[in-house]
Every structure is written in structure tokens, then in C-alpha cells.
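Have a look at the structure below before the remarks.
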Amino acid sequence: MFHRYLCLTMIAAAAAAQDLPVRWDELVASDWKKAIELSKGTCILPIAILEKHGPHAPVGSDLLYAQFIAKAVAKREYAVVFPEYYFGQIYEAKYAEGTIALPPRLISEVLQATLDEIARNGFKKILIYSTHGGNPHWLRFFVQSQLELRRDYVVYYYDPQPDPEWIEKYTKMRKTPLAGDEHGGERETSGLLAMRPELVKLDRAASEDSSDQKRLAHLPNLWTATSWYARFPNHYAGVGGAATAEQGRVLLERSISLLAKTLRAVKDDEVTPKVQKENYDRQLK
């Protein structure tokens with residue numbers, strides 16, 4: 001009897017979730033409490049950027065990825081997805097057309113204020129999902145800084161590590177070497193062809209040099225503000241023209257599956273809030 005009741009409850013919850021939009025801006029206020037309940041108070045904040053992606057891909061490529069994957073995940077495992085957010089670290093491409101690079105202090109202040117507002121609206125678990133390669137160092141520090149002041153919510157940063165087995169499998173389906181495919185190349189462009197092919201100008205992909213210039217190769221184990229620019233001055237790394245929509249669909253499905261698994265873990269997590277409170281309490285002694 002219990003198993004039957006549990007099954008019926010799960011079915012009812014799934015049906016209710018299907019009736020609710022996953023996007024924050026598409027919810028009506030009268031459904032807010034229901035959204036919090038079904039999501040277990042969990043909100044996904046997809047963070048991207050506006051930057052050049054070679055001569056062929058839209059400047060909002062990362063933004064398109066972030067929203068597409070987050071929404072697909074939330075439809076499988078209900079959570080509320082915050083609207084388009086494109087304030088991150090992109091100073092290395094400030095010279096390129098279409099790039100939006102806000103001041104360093106401001107991007108952290110805006111992110112903190114946004115998280116505070118998300119939590120004030122009832123979401124006490126916030127999962128940050130970044131699709132921009134220039135954000136991780138900043139976001140890791142930002143999340144660590146949440147221990148500076150007591151907060152009534154927990155921030156989770158999705159930081160997946162390389163999977164050698166998957167990389168070996170994926171390498172076999174590619175047309176070009178994986179090494180050097182870092183920005184606007186075969187991988188990223190494939191995803192765009194699967195999501196929004198009308199935005200990709202594939203015939204222009206070879207119009208700029210996307211090879212690694214290695215201008216700071218004489219300084220191993222060092223990082224400077226121009227380490228990326230010295231390698232790829234056209235802000236393009238890889239062979240975009242080798243992309244295929246078929247490859248893109250495989251990549252998107254993997255990203256969605258992995259993030260959905262992580263989202264389930266976050267929704268069910270009861271330990272981190274307790275550990276965070278313990279840390280705060282010890283600071284006051």
C-alpha cells in the first residue's frame with residue numbers, strides 16, 4: 001500500500017511540474033509557492049557571457065547554451081531557471097565586437113545581489129551553471145566567499161571534472177583533434193547547429209586564423225592577463241567549419257543528463273545547509 005501511495009504521489013508531482021513553467025519570468029505569482037514546493041526550493045542560475053565566438057557563431061553562444069541546457073534539465077527534474085544572465089569575466093575579449101565586460105567589482109556585487117534576491121523569493125538552494133570558460137576561477141572564489149557573512153541559503157557551483165572514458169569516446173566522433181578546440185571550434189559550433197542553426201554562418205568559419213600562436217610559450221607554469229589573448233588573438237580557437245548538428249545533439253544530451261543528475265543531488269541535499277550553519281556558528285564563538 002505504501003509503495004502504491006508513493007508511486008501515486010510521484011506521478012502527481014510530475015504532472016504538477018509539467019503544468020508549471022520552468023523559467024522564473026514565465027511563472028505567475030499565484031504559482032510561486034507551488035514552484036518552490038516542487039523544486040524543493042531550488043533555483044538554477046545559468047551564467048554565460050556576451051563575447052565574440054569566431055567569425056561565424058553568435059556573440060550570445062554561451063547564453064544560448066546556458067538557457068537551453070538549464071531549461072531542458074529543469075523539465076526533467078523540476079527547478080526554476082533564472083532568466084538570461086550574462087555578467088561575467090571576459091576582459092580578455094574586451095577589444096572584440098559585441099563583448100560586454102562590466103567592471104570586476106561590479107560583476108561580483110551584481111551576482112551577490114541577484115542571489116540574495118533569489119533567496120528572498122523563497123529559493124534556499126541556488127545552483128550556478130556556467131557555460132563560459134572564463135568564469136570558473138572567479139566563480140570558485142565567489143562561492144568560497146559566501147562564508148564571509150551568514151546567509152540563509154546555499155550556493156552550489158556546478159564544476160564537472162573531465163571524464164577520460166567519455167573523452168576517448170567523443171574523440172572518435174570528431175573530425176579535428178580535440179587539443180586546441182577551445183572556443184568557437186568544432187565542439188561549440190556543433191552544439192549551436194543542433195540548437196539554433198539559423199544563427200550560425202558556417203561559410204565564414206575559415207575566414208579567420210584560429211590556430212594557437214603560442215606567443216608566451218617561453219613562460220611555462222605562469223599565467224598573465226594576456227595568456228589567452230597571446231594564444232588566440234582572434235578570440236577563436238578550433239575549427240568551426242568541422243561542426244555537425246549530429247555531434248551537437250550528442251554533446252547536448254550528455255550535458256543535460258549530467259546536470260540533471262547533479263540537480264537531483266542538490267534538491268535532495270540536507271547535509272550542506274547544516275554544515276554551512278555549523279561553520280557560521282563557529283565563526284561567532
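As shown in the C-alpha cells, the chain order sets the letters A, B, ...; within each chain, residues go from 1, and ligands are also counted from 1 in the order they appear.
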Skip segment 193-207 of chain A itself and residues of its chain fewer than 4 positions away, then list as an NGL selection string all residues within 6 Å of it, counting only C-alpha atoms.
-> :A and (55-57 or 240-241 or 245 or 248-249)
Per residue of segment 20-89 of chain A within 12 Å of segment 152-156 of chain A, note the shortest atom pair and the distance in Å to one decimal, counting only C-alpha atoms, and order the rows by chain and increasing residue number, as a tab-separated table.
```
residue	atom	partner	partner_atom	distance
A:Gly41	CA	A:Tyr153	CA	9.8
A:Thr42	CA	A:Val154	CA	9.8
A:Cys43	CA	A:Val155	CA	9.9
A:Ile44	CA	A:Tyr156	CA	9.5
A:Leu45	CA	A:Tyr156	CA	9.9
A:Pro46	CA	A:Tyr156	CA	11.8
```
What does the distance between atom CA of Ser130 of chain A and atom CA of Ala66 of chain A come to in Å, to one decimal place?
-> 6.9 Å
Leaving out Ser257 of chain A and any residue of its chain fewer than 2 positions from it, which residues lie within 12 Å of it when counting only C-alpha atoms, given as a PDB file with C-alpha atoms, in the first residue's frame?
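File produced: selection.pdb:
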```pdb
ATOM      1  CA  ILE A  69      20.558  23.103 -21.202  1.00  0.00           C
ATOM      2  CA  ALA A  70      19.179  24.542 -17.951  1.00  0.00           C
ATOM      3  CA  ALA A  72      15.911  21.010 -20.617  1.00  0.00           C
ATOM      4  CA  VAL A  73      17.254  19.850 -17.246  1.00  0.00           C
ATOM      5  CA  ALA A  74      14.510  21.604 -15.280  1.00  0.00           C
ATOM      6  CA  LYS A  75      11.858  19.924 -17.412  1.00  0.00           C
ATOM      7  CA  ARG A  76      13.277  16.534 -16.462  1.00  0.00           C
ATOM      8  CA  GLU A  77      13.874  17.363 -12.807  1.00  0.00           C
ATOM      9  CA  VAL A 250      25.173  14.044 -28.649  1.00  0.00           C
ATOM     10  CA  LEU A 251      27.036  16.742 -26.716  1.00  0.00           C
ATOM     11  CA  LEU A 252      23.848  18.469 -25.587  1.00  0.00           C
ATOM     12  CA  GLU A 253      22.271  15.237 -24.376  1.00  0.00           C
ATOM     13  CA  ARG A 254      25.342  14.420 -22.325  1.00  0.00           C
ATOM     14  CA  SER A 255      25.398  17.905 -20.774  1.00  0.00           C
ATOM     15  CA  LEU A 259      23.412  18.382 -14.979  1.00  0.00           C
ATOM     16  CA  ALA A 260      20.060  16.679 -14.286  1.00  0.00           C
ATOM     17  CA  LYS A 261      21.846  14.140 -12.085  1.00  0.00           C
ATOM     18  CA  THR A 262      23.566  16.976 -10.228  1.00  0.00           C
ATOM     19  CA  LEU A 263      20.298  18.871  -9.825  1.00  0.00           C
ATOM     20  CA  ARG A 264      18.654  15.841  -8.221  1.00  0.00           C
TER      21      ARG A 264
END
```
DSSP on the backbone, then: every residue of segment 62-283 of chain A marked strand (DSSP E), written as a PyMOL selection string.
-> chain A and resi 80-81+125-130+154-157
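The protein and nucleic acid residues lying at most 7 Å from Arg215 of chain A are Gln213, Ala217, Ala230 and Arg231 of chain A, with only C-alpha atoms considered and sequence neighbours fewer than 2 positions away removed.
Closest approach to Ala29 of chain A from the set A:Ala93, A:Arg174, A:Phe82, A:Asn121 is made by A:Asn121, with distances taken over only C-alpha atoms.
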Of A:Pro21, A:Gly185, A:Pro104, A:Gly60, the one nearest to Gly238 of chain A when counting only C-alpha atoms is A:Gly185
Where does DSSP see helix (DSSP H, G or I) in segment 24-269 of chain A, if you list the residues as a VMD selection string?
-> chain A and resid 24 to 26 29 to 39 61 to 76 91 to 93 104 to 120 136 to 147 164 to 173 186 to 195 197 to 199 202 to 204 227 to 231 240 to 242 245 to 268
What is the distance, in Å and to one decimal place, between atom CA of Glu188 of chain A and atom CA of Thr176 of chain A?
-> 12.9 Å
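We find atom CA of Lys33 of chain A and atom CA of Gly122 of chain A to be spaced 8.3 Å apart.
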For Glu26 of chain A, which residue among A:Ile107, A:Ser39, A:Val80, A:Gly54 is the nearest when counting only C-alpha atoms?
-> A:Val80
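Among the candidate residues A:Thr131, A:Arg120, A:His137, A:Lys71, the one lying nearest to Ile36 of chain A is A:Arg120, with distances computed using only C-alpha atoms.
Closest to Tyr86 of chain A among A:Glu117, A:Glu51, A:Glu109, A:Glu37 is A:Glu51, based on only C-alpha atoms.
Minimum atom-to-atom distances from A:Glu182, A:Asp281, A:Asp209, A:Glu165 to His132 of chain A were compared using only C-alpha atoms, and the lowest value belongs to A:Glu182.
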Ser227 of chain A surroundings by only C-alpha atoms, 10 Å radius, close-in-sequence under 5 positions cut, as a ChimeraX atom specification | /A:92,214-217,219,222,232
Tell me, as a PyMOL selection string, which residues lie within 12 Å of Leu106 of chain A, counting only C-alpha atoms; anything in the same chain fewer than 5 positions away does not count.
-> chain A and resi 87-89+101+111-114
